[in-house]
Number of protein chains: 2
Amino acid sequence: MTGRKSYHHGNLHQELLEEATRMIGEQGVDGISMRALAERVGVSRTAAYHHFKDKNALLCAIAEQGFEKWQAHFAQQMHEQSGDMNGWLKAFVHAYLDLSWKYPEEYDLMFGRPVWKNGEPTESLRAASFACFQHYVDLIRSWQGKGKFSKDIDGLRLAQVSWSMLHGMSRLLNDGIYLDRNSIDAMSDSAVEMILAAAAV
Amino acid sequence: MTGRKSYHHGNLHQELLEEATRMIGEQGVDGISMRALAERVGVSRTAAYHHFKDKNALLCAIAEQGFEKWQAHFAQQMHEQSGDMNGWLKAFVHAYLDLSWKYPEEYDLMFGRPVWKNGEPTESLRAASFACFQHYVDLIRSWQGKGKFSKDIDGLRLAQVSWSMLHGMSRLLNDGIYLDRNSIDAMSDSAVEMILAAAAV
DNA sequence: CAAATTATCTTGACAGTGTCAAATTACCAT
DNA sequence: ATGGTAATTTGACACTGTCAAGATAATTTG
């Protein structure tokens with residue numbers, strides 16, 4: 001009846017990740033508990049602790065997957081619009097806000113406090129998240145190299161500030177502070193213009 | 001021995017707010033619990049519930065005070081540098097990041113999820129926080145009126161996007177993602193330049 | 001001034017939570 | 001078959017927020 005074929009679940013690690021991701025999508029990061037998760041998977045309260053040191057470790061693992069998905073997504077998008085920098089930037093900003101809006105709970109986990117401040121992030125999460133950002137930095141620098149972006153401004157700074165802008169918008173939107181969904185397109189455009197204006201060659 | 005002169009505390013409401021603010025400064029938003037707070041004030045576990053409907057209501061009240069302090073601070077700073085718009089913007093950006101860095105836990109409470117997403121924010125908190133932002137919008141618009149900012153861009157958009165930038169930077173800094181404290185001055189300058197570039201007349 | 005009402009605070013209780021220690025069960029290599 | 005190890009469970013502890021009911025003080029009313 002239950003999916004368990006044997007005492008040993010056989011695939012608990014993976015199934016925990018999947019079910020937890022599902023729960024986060026449904027009830028948010030705070031709506032997840034080790035006990036409820038265990039019950040949904042059909043296993044005892046503390047079973048998960050043999051696959052993840054902590055609740056934090058579990059959350060880190062999910063966040064890590066999130067970053068990998070994001071990177072894959074943006075890498076593909078970059079591939080499709082490789083030539084046109086102007087168009088790519090617009091698409092990137094739009095996609096960033098769109099994704100963070102469509103999957104607010106996952107975004108919240110990836111960039112949220114529970115993982116980053118309270119429970120120290122896993123080393124592998126650090127790596128995955130940083131790789132995501134590093135790609136962005138490299139891209140900007142390559143455009144500077146090609147003369148499409150001004151070299152007067154440090155590429156890293158531009159990446160930091162522009163990412164901050166997108167992050168801030170996403171958070172304010174998702175949390176319902178100041179910004180509202182209706183003007184999201186107009187704000188996207190303003191954001192793009194702002195980045196371009198700052199990097200005008 | 002205890003500060004209580006009588007059965008009725010006499011000033012519980014205020015003292016709860018103060019002690020809670022202190023606790024948040026020390027241990028962060030998540031480090032606060034109704035029970036621990038009650039004990040520190042020297043009162044029983046559930047005494048606070050006669051002054052605040054919820055834990056959420058308490059947090060909202062503290063956040064509200066935070067917004068009022070912020071607004072007062074920026075209003076005074078605005079007063080000191082009333083003439084020079086360029087200088088004010090620089091001072092504003094610097095002060096924003098400085099404050100959110102100095103009081104990360106309070107900032108986290110004011111703009112954080114526990115209040116805005118999970119437990120719905122109090123109506124009065126909504127008002128206080130929005131007033132804070134509205135002042136910023138009005139200021140930008142007045143500069144547009146004086147011809148110091150371009151009128152091509154909508155003042156509200158500019159306010160939204162630039163505030164998002166500051167908010168994003170604050171969060172990334174405080175949570176330890178991507179940005180690091182060492183380059184905060186350089187990032188501040190880049191942020192200012194970016195805003196000015198977008199609003200160049 | 002006495003009685004009743006109201007505001008304030010306490011005690012008890014319940015359903016949750018994360019997580020550790022020890023016992024239990026199943027698998028795997030010798 | 002027999003150890004040994006990996007996986008899972010049960011029990012327990014110290015927390016959490018918050019509700020309901022009782023206890024106490026202040027305040028209003030007669």
# chains A, B, ... in the order shown; residues from 1 in each chain; ligands from 1
>>> residues_around(residues="segment 84-94 of chain A", least_positions_apart="3", cutoff="7 Å", atoms="only C-alpha atoms (C1' of nucleotides)", output="list in words")
Met78, Gln81, Leu97, Asp98, Ser188 and Val192 of chain A
>>> select_by_dssp(residues="segment 69-129 of chain A", states="alpha helix (DSSP H)", output="JSON, numbers by chain")
{"A": [69, 70, 71, 72, 73, 74, 75, 76, 77, 78, 79, 80, 85, 86, 87, 88, 89, 90, 91, 92, 93, 94, 95, 96, 97, 98, 99, 100, 101, 102, 104, 105, 106, 107, 108, 109, 110, 111, 113, 123, 124, 125, 126, 127, 128, 129]}
>>> residues_around(residues="Lys148 of chain A", least_positions_apart="6", cutoff="9 Å", atoms="only C-alpha atoms (C1' of nucleotides)", output="PDB file with all heavy atoms, in the first residue's frame")
ATOM      1  N   MET A  85      23.290  42.086 -26.627  1.00  0.00           N
ATOM      2  CA  MET A  85      23.458  42.367 -25.208  1.00  0.00           C
ATOM      3  C   MET A  85      22.269  43.122 -24.657  1.00  0.00           C
ATOM      4  O   MET A  85      21.738  42.801 -23.598  1.00  0.00           O
ATOM      5  CB  MET A  85      24.711  43.193 -24.975  1.00  0.00           C
ATOM      6  CG  MET A  85      24.905  43.550 -23.524  1.00  0.00           C
ATOM      7  SD  MET A  85      25.754  45.109 -23.347  1.00  0.00           S
ATOM      8  CE  MET A  85      24.442  46.276 -23.700  1.00  0.00           C
ATOM      9  N   SER A 142      32.779  40.517 -19.716  1.00  0.00           N
ATOM     10  CA  SER A 142      33.039  40.180 -21.119  1.00  0.00           C
ATOM     11  C   SER A 142      32.454  41.263 -22.029  1.00  0.00           C
ATOM     12  O   SER A 142      33.030  41.588 -23.071  1.00  0.00           O
ATOM     13  CB  SER A 142      32.446  38.817 -21.445  1.00  0.00           C
ATOM     14  OG  SER A 142      31.078  38.918 -21.798  1.00  0.00           O
ATOM     15  N   ALA A 199      26.031  52.163 -17.371  1.00  0.00           N
ATOM     16  CA  ALA A 199      27.118  51.487 -18.071  1.00  0.00           C
ATOM     17  C   ALA A 199      27.273  51.973 -19.494  1.00  0.00           C
ATOM     18  O   ALA A 199      27.976  51.353 -20.285  1.00  0.00           O
ATOM     19  CB  ALA A 199      26.876  49.974 -18.072  1.00  0.00           C
ATOM     20  N   ALA A 200      26.632  53.078 -19.799  1.00  0.00           N
ATOM     21  CA  ALA A 200      26.725  53.606 -21.155  1.00  0.00           C
ATOM     22  C   ALA A 200      28.174  53.886 -21.515  1.00  0.00           C
ATOM     23  O   ALA A 200      28.909  54.482 -20.727  1.00  0.00           O
ATOM     24  CB  ALA A 200      25.887  54.879 -21.279  1.00  0.00           C
ATOM     25  N   VAL A 201      28.547  53.432 -22.657  1.00  0.00           N
ATOM     26  CA  VAL A 201      29.955  53.576 -23.068  1.00  0.00           C
ATOM     27  C   VAL A 201      30.220  54.977 -23.609  1.00  0.00           C
ATOM     28  O   VAL A 201      29.330  55.624 -24.134  1.00  0.00           O
ATOM     29  CB  VAL A 201      30.292  52.513 -24.124  1.00  0.00           C
ATOM     30  CG1 VAL A 201      29.425  52.655 -25.360  1.00  0.00           C
ATOM     31  CG2 VAL A 201      31.757  52.556 -24.482  1.00  0.00           C
TER      32      VAL A 201
END
>>> residues_around(residues="segment 16-28 of chain D", least_positions_apart="3", cutoff="12 Å", atoms="only C-alpha atoms (C1' of nucleotides)", output="PyMOL selection string")
(chain B and resi 5-10+30-36+45-50+52-56) or (chain C and resi 3-18)
>>> closest_residue(among="D:DC15, D:DA1, D:DT29, D:DA7", to="chain A", atoms="only C-alpha atoms (C1' of nucleotides)")
D:DA7
>>> atom_distance(atom1="atom CA of Phe74 of chain A", atom2="atom CA of Ser164 of chain B")
22.0 Å
>>> closest_atom_pairs(of="chain B", to="chain A", cutoff="9 Å", atoms="only C-alpha atoms", output="tab-separated table")
residue	atom	partner	partner_atom	distance
B:Asp30	CA	A:Asn118	CA	8.2
B:Phe111	CA	A:Ile177	CA	7.7
B:Gly112	CA	A:Asp175	CA	7.8
B:Arg113	CA	A:Asp175	CA	6.5
B:Trp116	CA	A:Asp175	CA	5.8
B:Lys117	CA	A:Asp175	CA	5.4
B:Asn118	CA	A:Asp30	CA	8.2
B:Arg126	CA	A:Ile177	CA	8.5
B:Ser129	CA	A:Tyr178	CA	8.4
B:Phe130	CA	A:Tyr178	CA	6.8
B:Phe133	CA	A:Tyr178	CA	7.3
B:Ile153	CA	A:Ser190	CA	8.1
B:Arg157	CA	A:Met187	CA	6.1
B:Leu158	CA	A:Ser190	CA	7.4
B:Gln160	CA	A:Leu179	CA	6.8
B:Val161	CA	A:Ala191	CA	6.4
B:Ser162	CA	A:Met165	CA	7.4
B:Trp163	CA	A:Gly168	CA	7.9
B:Ser164	CA	A:Gly168	CA	4.3
B:Met165	CA	A:Met165	CA	3.8
B:Leu166	CA	A:Met165	CA	7.3
B:His167	CA	A:Gly168	CA	5.2
B:Gly168	CA	A:Gly168	CA	3.7
B:Met169	CA	A:Ser164	CA	5.0
B:Ser170	CA	A:Ser164	CA	8.4
B:Arg171	CA	A:Gly168	CA	7.8
B:Leu172	CA	A:Ser164	CA	7.3
B:Asn174	CA	A:Lys117	CA	8.1
B:Asp175	CA	A:Lys117	CA	5.4
B:Gly176	CA	A:Trp116	CA	6.9
B:Ile177	CA	A:Trp116	CA	7.5
B:Tyr178	CA	A:Phe130	CA	6.7
B:Leu179	CA	A:Gln160	CA	6.8
B:Ser183	CA	A:Arg157	CA	8.7
B:Ala186	CA	A:Arg157	CA	7.5
B:Met187	CA	A:Arg157	CA	6.1
B:Ser188	CA	A:Val161	CA	8.7
B:Ser190	CA	A:Arg157	CA	6.8
B:Ala191	CA	A:Val161	CA	6.4
B:Glu193	CA	A:Ala198	CA	7.2
B:Met194	CA	A:Ala198	CA	5.1
B:Ile195	CA	A:Met194	CA	7.3
B:Leu196	CA	A:Ala198	CA	8.7
B:Ala197	CA	A:Ala198	CA	5.8
B:Ala198	CA	A:Met194	CA	5.1
B:Ala199	CA	A:Met194	CA	8.7
>>> write_last_selection(atoms="N, CA and C atoms", output="tab-separated table (two decimals), in the first residue's frame")
chain	number	residue	atom	x	y	z
B	30	ASP	N	14.55	36.27	15.53
B	30	ASP	CA	14.16	34.90	15.82
B	30	ASP	C	14.54	34.48	17.23
B	111	PHE	N	11.60	45.20	7.66
B	111	PHE	CA	11.36	44.80	6.28
B	111	PHE	C	11.32	43.29	6.10
B	112	GLY	N	11.16	42.58	7.19
B	112	GLY	CA	11.32	41.14	7.10
B	112	GLY	C	10.03	40.38	6.93
B	113	ARG	N	10.18	39.14	6.65
B	113	ARG	CA	9.05	38.26	6.39
B	113	ARG	C	8.14	38.04	7.60
B	116	TRP	N	5.74	40.81	7.49
B	116	TRP	CA	5.03	41.19	6.27
B	116	TRP	C	4.35	40.05	5.56
B	117	LYS	N	4.97	38.90	5.61
B	117	LYS	CA	4.38	37.79	4.85
B	117	LYS	C	3.61	36.83	5.76
B	118	ASN	N	4.26	36.34	6.75
B	118	ASN	CA	3.63	35.33	7.59
B	118	ASN	C	2.46	35.90	8.39
B	126	ARG	N	1.45	49.36	8.45
B	126	ARG	CA	1.35	49.66	7.02
B	126	ARG	C	1.45	51.17	6.80
B	129	SER	N	5.04	52.60	7.66
B	129	SER	CA	6.07	52.23	6.68
B	129	SER	C	5.83	52.95	5.36
B	130	PHE	N	4.57	53.06	5.01
B	130	PHE	CA	4.27	53.69	3.73
B	130	PHE	C	4.58	55.18	3.77
B	133	PHE	N	8.14	55.79	2.92
B	133	PHE	CA	8.44	55.70	1.49
B	133	PHE	C	7.87	56.91	0.75
B	153	ILE	N	11.46	60.47	-16.62
B	153	ILE	CA	11.17	59.25	-15.87
B	153	ILE	C	10.14	59.56	-14.78
B	157	ARG	N	8.48	55.59	-10.19
B	157	ARG	CA	9.33	54.50	-10.66
B	157	ARG	C	10.76	54.65	-10.13
B	158	LEU	N	11.25	55.86	-10.26
B	158	LEU	CA	12.61	56.12	-9.81
B	158	LEU	C	12.74	55.82	-8.32
B	160	GLN	N	10.85	53.77	-6.55
B	160	GLN	CA	10.73	52.32	-6.35
B	160	GLN	C	12.03	51.60	-6.66
B	161	VAL	N	12.58	51.92	-7.82
B	161	VAL	CA	13.76	51.19	-8.24
B	161	VAL	C	14.97	51.53	-7.37
B	162	SER	N	15.12	52.79	-7.03
B	162	SER	CA	16.29	53.15	-6.24
B	162	SER	C	16.17	52.62	-4.80
B	163	TRP	N	14.97	52.67	-4.27
B	163	TRP	CA	14.79	52.11	-2.93
B	163	TRP	C	15.05	50.60	-2.95
B	164	SER	N	14.58	49.97	-4.00
B	164	SER	CA	14.84	48.53	-4.14
B	164	SER	C	16.33	48.25	-4.11
B	165	MET	N	17.07	49.11	-4.78
B	165	MET	CA	18.52	48.93	-4.83
B	165	MET	C	19.10	48.98	-3.43
B	166	LEU	N	18.70	49.98	-2.66
B	166	LEU	CA	19.22	50.11	-1.31
B	166	LEU	C	18.77	48.95	-0.43
B	167	HIS	N	17.53	48.59	-0.60
B	167	HIS	CA	17.01	47.47	0.18
B	167	HIS	C	17.76	46.18	-0.16
B	168	GLY	N	17.94	45.95	-1.44
B	168	GLY	CA	18.66	44.75	-1.85
B	168	GLY	C	20.08	44.71	-1.31
B	169	MET	N	20.75	45.85	-1.40
B	169	MET	CA	22.11	45.90	-0.88
B	169	MET	C	22.14	45.62	0.62
B	170	SER	N	21.22	46.23	1.33
B	170	SER	CA	21.17	46.04	2.78
B	170	SER	C	20.97	44.58	3.13
B	171	ARG	N	20.05	43.97	2.43
B	171	ARG	CA	19.74	42.57	2.74
B	171	ARG	C	20.91	41.67	2.40
B	172	LEU	N	21.45	41.84	1.23
B	172	LEU	CA	22.56	40.98	0.83
B	172	LEU	C	23.74	41.16	1.77
B	174	ASN	N	23.63	42.27	4.99
B	174	ASN	CA	23.34	41.77	6.32
B	174	ASN	C	23.27	40.24	6.37
B	175	ASP	N	22.78	39.65	5.31
B	175	ASP	CA	22.66	38.20	5.32
B	175	ASP	C	23.94	37.52	4.85
B	176	GLY	N	24.88	38.31	4.39
B	176	GLY	CA	26.16	37.73	3.99
B	176	GLY	C	26.10	36.99	2.67
B	177	ILE	N	25.36	37.53	1.71
B	177	ILE	CA	25.30	36.91	0.38
B	177	ILE	C	25.91	37.87	-0.64
B	178	TYR	N	26.85	37.36	-1.40
B	178	TYR	CA	27.43	38.09	-2.52
B	178	TYR	C	28.21	39.33	-2.10
B	179	LEU	N	27.57	40.24	-1.41
B	179	LEU	CA	28.23	41.50	-1.06
B	179	LEU	C	29.05	41.34	0.23
B	183	SER	N	33.68	46.44	0.65
B	183	SER	CA	33.49	47.28	-0.54
B	183	SER	C	32.23	48.13	-0.42
B	186	ALA	N	32.57	51.76	-1.86
B	186	ALA	CA	32.61	51.75	-3.32
B	186	ALA	C	31.23	51.45	-3.89
B	187	MET	N	30.52	50.54	-3.27
B	187	MET	CA	29.18	50.20	-3.75
B	187	MET	C	28.23	51.38	-3.56
B	188	SER	N	28.36	52.04	-2.43
B	188	SER	CA	27.53	53.22	-2.19
B	188	SER	C	27.72	54.23	-3.31
B	190	SER	N	28.82	53.78	-6.30
B	190	SER	CA	28.25	53.28	-7.54
B	190	SER	C	26.74	53.44	-7.57
B	191	ALA	N	26.13	53.16	-6.41
B	191	ALA	CA	24.68	53.30	-6.34
B	191	ALA	C	24.25	54.74	-6.61
B	193	GLU	N	25.88	57.08	-8.22
B	193	GLU	CA	26.11	57.40	-9.63
B	193	GLU	C	25.02	56.84	-10.52
B	194	MET	N	24.60	55.65	-10.17
B	194	MET	CA	23.59	54.98	-10.97
B	194	MET	C	22.27	55.75	-10.92
B	195	ILE	N	21.90	56.16	-9.75
B	195	ILE	CA	20.66	56.92	-9.62
B	195	ILE	C	20.76	58.24	-10.38
B	196	LEU	N	21.88	58.91	-10.20
B	196	LEU	CA	22.06	60.20	-10.87
B	196	LEU	C	22.06	60.04	-12.38
B	197	ALA	N	22.71	58.99	-12.84
B	197	ALA	CA	22.77	58.75	-14.28
B	197	ALA	C	21.37	58.53	-14.85
B	198	ALA	N	20.54	57.82	-14.07
B	198	ALA	CA	19.19	57.52	-14.56
B	198	ALA	C	18.31	58.77	-14.56
B	199	ALA	N	18.65	59.71	-13.68
B	199	ALA	CA	17.79	60.88	-13.53
B	199	ALA	C	18.44	62.14	-14.08
